[in-house]
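Structure record follows, encoded as structure tokens.
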Amino acid sequence: MSSGTVPKHIASTGSFLDDRLGAGNFLRRNLRKIFPDHWSFLLGEIALYTFVILLLTGTFLTFFFKPSMQELTYTGSYEPLQGVMMSQAYSSTLDISFDVRGGLLMRQIHHWAALLFIGGLMIHMLRVFFTGAYRKPRELNWLIGVALLLITLIEGLTGYSLPDDLLSGAGLRITAGIAQMIPIVGTWMTFLIFGGEFPGSDIIARFYSLHILLIPALLLALITGHLILMWVQKHTQMPGKGRTNMNVVGSPLWPAFMIKSGAYFMFTFAAVALLGGLAQINPIWLFGPYTPANISAGTQPDFYMGFLDGALRLMVGWEVDFAGYTLALGVLVAALGPILLITLGLALYPFMEQWVTGDRSEHHVADRPRNNPHRTSIGMAAVTFYGVLWLSAANDVIAAHFHLSMNALIYVGRVLVFLGPFLAYVITYRICLGLQRRDAQVLAHGVESGVIRRLPDGEYIEVHAPPTPDLEDRIRGKLPVPMLPGLGDGHGNGHGDGDGEVPPEELRGRLGRLRAMMSRAYGGEKVPLEESPEEYREHEEEEHAVMATRPAGGRKGGTGGTGGSGGPH
């Protein structure tokens with residue numbers, strides 16, 4: 001937690017720069033900025049550090065890659081492909097892999113870093129979602145994050161396509177098919193992207209310009225804006241001892257956080273370098289150059305595009321004749337539906353939650369996911385929806401390896417894409433309520449100590465110890481999920497439907513009643529916290545005193561007050 005004393009090393013640094021640049025006050029104020037210590041906040045740094053690695057390795061690769069689809073005869077050092085006609089893009093990628101010193105290592109580091117960047121971004125967004133860190137005043141930063149995710153998928157697609165091998169060419173064939181299915185402008189859009197009929201002659205050069213110039217510039221601008229907003233608005237923190245909406249508990253930027261962050265960057269770089277050096281990825285020389293007449297079997301796209309491939313495999317054939325035109329909705333809906341559903345759902349969710357709960361207050365302390373069971377359940381339903389589509393992208397490989405029917409896997413996938421999210425929602429909701437009850441039990445009964453005590457009547461019980469102050473504060477940091485004003489506690493106590501009083505004006509009419517119903521279901525206290533440990537110890541002592549006065553055979557069945565099998569009293 002920050003204090004009023006400026007550390008000596010910060011003061012001396014500020015004085016040095018203030019004498020020369022007039023920036024002393026700025027540095028003294030910002031070098032003391034506090035960052036929380038919770039491990040989950042490091043997930044976003046994985047995405048940031050791998051983005052830096054991508055910039056460094058990508059700069060190296062641009063020195064040797066030739067973004068041209070001009071045909072030539074390969075004469076490089078990889079003998080199995082000598083004499084084969086291929087594009088300059090594919091040939092230069094082979095040269096990077098086999099003839100440039102350190103080229104293959106840089107290629108593989110770049111590819112692994114790209115996967116970890118998108119994976120880190122997704123996990124970071126899930127952390128923000130499940131903890132409610134997108135709430136006011138961070139809605140704009142959340143929208144920046146959604147834009148980052150969408151643009152990163154496009155960046156991955158353009159980079160994945162550059163080697164012009166058989167695998168990436170098959171992905172481009174799917175991209176062209178999807179673009180052609182867009183009503184009215186589809187054909188013109190395909191010609192614009194590919195420079196003519198597929199595969200065209202300009203797609204590699206155009207994707208190269210997007211991949212190394214335009215999209216990285218957008219990503220860099222969005223990441224910079226994201227960090228600036230985070231800096232200005234201060235970081236969220238998990239509930240715990242001394243943590244409130246008015247402070248931040250953690251380590252100062254200099255030296256503690258910067259040293260820890262620097263070490264974490266080096267660890268991330270080392271992990272990606274080890275993957276690049278020891279784990280083969282994207283061996284394009286095994287796939288061969290792309291030709292429209294060939295396609296490789298048993299190959300899948302990178303994980304971040306797999307869910308779209310899975311949606312195409314599960315979608316039924318669906319064509320509609322309209323005004324003399326045939327609309328292939330089976331392709332269009334499967335390709336654009338999931339990504340629009342996920343991105344629009346992410347972008348609108350903070351505002352939908354605010355509309356349902358009526359909560360427009362600022363939040364700087366994050367929620368434990370269990371304390372907002374509906375939000376957590378919605379998130380897990382979305383993850384399950386994504387996971388089913390992602391797994392379906394490999395249904396041909398699964399069928400071949402486990403000797404299963406391909407048609408059966410398709411039908412199972414079609415069922416699970418709807419049933420899976422529903423089951424995930426129900427199961428997650430019950431787990432969250434169970435964890436809340438466990439927290440209430442810890443406050444009421446304490447934590448298990450492992451010490452067994454024998455009571456005067458001969459019964460053996462396990463002694464429960466009071467929770468640590470940090471654990472108690474973390475549990476007591478739970479607040480009821482907000483509800484619309486005038487709805488009471490959701491059980492008929494307050495204004496609204498069911499209590500004989502006139503509901504507020506904004507809750508009248510069909511939309512108002514729907515909003516009130518959703519607010520009651522989403523908000524409110526699901527499992528109230530029980531008595532404090534001190535109150536429980538008093539009750540425990542009273543109960544033991546009563547039990548000690550009872551005859552040995554006069555007690556009814558059940559466990560003692562500190563037994564682990566009973567629920568909170």
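Just remember, in the structure tokens the first chain shown is A, the second B, etc., residues are 1-based per chain, and ligands are 1-based in the order shown.
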For this session: Excluding region 295-301 of chain A and any residue of its chain fewer than 4 positions from it, enumerate the residues within 9 Å of it, using only C-alpha atoms, and give them as a ChimeraX atom specification.
Result: /A:160,166-171,287,290-291,305-306,309,393-394,396-397,400
Problem set entry | Which of region 228-407 of chain A fall in strand (DSSP E or B), as a ChimeraX atom specification | /A:237,251-252,289,319-322,325-328,365
Selection near Ile96 (chain A), 10 Å with only C-alpha atoms, sequence-local residues under 2 positions removed, as a PDB file with C-alpha atoms, in the first residue's frame:
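To be explicit, this is the file written out as out-v1.pdb:
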ATOM      1  CA  LEU A  61      11.814 -12.928 -40.688  1.00  0.00           C
ATOM      2  CA  PHE A  63      14.616  -9.690 -43.940  1.00  0.00           C
ATOM      3  CA  PHE A  64      14.430 -13.034 -45.739  1.00  0.00           C
ATOM      4  CA  PHE A  65      10.797 -13.649 -46.706  1.00  0.00           C
ATOM      5  CA  TYR A  90       7.083 -20.946 -50.247  1.00  0.00           C
ATOM      6  CA  SER A  91      10.644 -21.157 -51.553  1.00  0.00           C
ATOM      7  CA  SER A  92      11.839 -18.295 -49.317  1.00  0.00           C
ATOM      8  CA  THR A  93      10.158 -19.929 -46.302  1.00  0.00           C
ATOM      9  CA  LEU A  94      12.090 -23.128 -47.062  1.00  0.00           C
ATOM     10  CA  PHE A  98      17.134 -24.672 -43.953  1.00  0.00           C
ATOM     11  CA  ASP A  99      19.625 -22.080 -45.235  1.00  0.00           C
ATOM     12  CA  VAL A 100      19.381 -19.022 -42.948  1.00  0.00           C
ATOM     13  CA  ARG A 101      21.367 -19.379 -39.731  1.00  0.00           C
ATOM     14  CA  GLY A 102      18.841 -19.549 -36.891  1.00  0.00           C
ATOM     15  CA  GLY A 103      15.981 -19.158 -39.357  1.00  0.00           C
ATOM     16  CA  LEU A 104      14.050 -22.275 -38.362  1.00  0.00           C
ATOM     17  CA  LEU A 105      14.405 -21.386 -34.686  1.00  0.00           C
ATOM     18  CA  MET A 106      13.054 -17.883 -35.358  1.00  0.00           C
ATOM     19  CA  ARG A 107      10.167 -19.271 -37.440  1.00  0.00           C
TER      20      ARG A 107
END
For this session: Just the residues within 12 Å of region 217-232 of chain A, please, counting only C-alpha atoms, with nothing from its chain fewer than 3 positions along; format it as number ranges by chain.
Result: A: 30-31, 33-35, 44-45, 47-49, 51-52, 54-55, 117, 121, 133-134, 137-155, 209-214, 235-236, 253, 364
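You will find CA of Val442 (chain A) at 27.0 Å from CA of Ile378 (chain A).
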What lies within 9 Å of Tyr208 (chain A) using only C-alpha atoms, ignoring chain neighbours under 3 positions off, as a CSV table (one decimal) with all heavy atoms, in the first residue's frame?
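Dumped to out12.csv:
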chain,number,residue,atom,x,y,z
A,67,PRO,N,7.4,-12.0,-50.4
A,67,PRO,CA,6.0,-12.2,-50.5
A,67,PRO,C,5.5,-12.1,-52.0
A,67,PRO,O,4.8,-11.2,-52.4
A,67,PRO,CB,5.4,-11.0,-49.7
A,67,PRO,CG,6.5,-9.9,-49.9
A,67,PRO,CD,7.8,-10.7,-50.0
A,158,THR,N,-3.8,-14.0,-41.5
A,158,THR,CA,-2.9,-13.5,-42.5
A,158,THR,C,-1.5,-14.1,-42.4
A,158,THR,O,-0.8,-14.4,-43.4
A,158,THR,CB,-2.8,-12.0,-42.5
A,158,THR,OG1,-2.4,-11.6,-41.1
A,158,THR,CG2,-4.2,-11.4,-42.8
A,159,GLY,N,-1.0,-14.2,-41.2
A,159,GLY,CA,0.4,-14.8,-41.0
A,159,GLY,C,0.4,-16.3,-41.3
A,159,GLY,O,1.4,-16.8,-41.9
A,162,LEU,N,0.8,-17.0,-45.1
A,162,LEU,CA,2.0,-16.4,-45.9
A,162,LEU,C,2.9,-17.5,-46.5
A,162,LEU,O,3.4,-17.3,-47.6
A,162,LEU,CB,2.8,-15.5,-45.0
A,162,LEU,CG,2.1,-14.1,-44.7
A,162,LEU,CD1,3.1,-13.3,-43.8
A,162,LEU,CD2,1.7,-13.4,-45.9
A,203,ILE,N,-2.7,-12.5,-53.4
A,203,ILE,CA,-3.1,-12.6,-52.0
A,203,ILE,C,-2.0,-12.6,-51.0
A,203,ILE,O,-2.1,-12.1,-49.9
A,203,ILE,CB,-4.0,-14.0,-51.9
A,203,ILE,CG1,-4.5,-14.1,-50.5
A,203,ILE,CG2,-3.1,-15.2,-52.3
A,203,ILE,CD1,-5.4,-13.0,-50.1
A,204,ILE,N,-0.8,-13.2,-51.4
A,204,ILE,CA,0.3,-13.3,-50.5
A,204,ILE,C,0.8,-11.9,-50.2
A,204,ILE,O,1.1,-11.5,-49.1
A,204,ILE,CB,1.4,-14.2,-51.0
A,204,ILE,CG1,0.8,-15.7,-51.1
A,204,ILE,CG2,2.6,-14.2,-50.1
A,204,ILE,CD1,0.4,-16.3,-49.8
A,205,ALA,N,1.0,-11.1,-51.3
A,205,ALA,CA,1.5,-9.8,-51.1
A,205,ALA,C,0.6,-8.9,-50.3
A,205,ALA,O,1.0,-8.1,-49.5
A,205,ALA,CB,1.8,-9.1,-52.5
A,211,HIS,N,-0.2,-8.1,-42.6
A,211,HIS,CA,0.4,-8.8,-41.5
A,211,HIS,C,1.5,-8.0,-40.8
A,211,HIS,O,1.7,-8.1,-39.6
A,211,HIS,CB,0.9,-10.2,-42.0
A,211,HIS,CG,1.4,-11.0,-40.8
A,211,HIS,ND1,0.5,-11.6,-39.9
A,211,HIS,CD2,2.6,-11.4,-40.5
A,211,HIS,CE1,1.2,-12.3,-39.0
A,211,HIS,NE2,2.5,-12.2,-39.4
A,212,ILE,N,2.3,-7.3,-41.6
A,212,ILE,CA,3.5,-6.7,-41.0
A,212,ILE,C,3.4,-5.2,-40.8
A,212,ILE,O,4.2,-4.6,-40.1
A,212,ILE,CB,4.8,-6.9,-41.8
A,212,ILE,CG1,4.7,-6.1,-43.1
A,212,ILE,CG2,5.0,-8.4,-42.1
A,212,ILE,CD1,6.1,-6.1,-43.9
A,213,LEU,N,2.3,-4.6,-41.4
A,213,LEU,CA,2.2,-3.1,-41.3
A,213,LEU,C,0.9,-2.7,-40.6
A,213,LEU,O,0.9,-2.2,-39.5
A,213,LEU,CB,2.3,-2.5,-42.7
A,213,LEU,CG,3.6,-2.5,-43.4
A,213,LEU,CD1,3.5,-2.0,-44.8
A,213,LEU,CD2,4.7,-1.8,-42.6
For this session: Write down as a PyMOL selection string the residues of region 337-433 of chain A whose backbone DSSP state falls under alpha helix (DSSP H).
Result: chain A and resi 337-357+373-392+395-402+406-433
Problem set entry | Counting only C-alpha atoms, the option among A:Phe269, A:Tyr349, A:Phe198, A:Tyr74 closest to Ile109 (chain A) |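 Among the listed residues, the smallest separation from Ile109 (chain A) belongs to A:Phe269.
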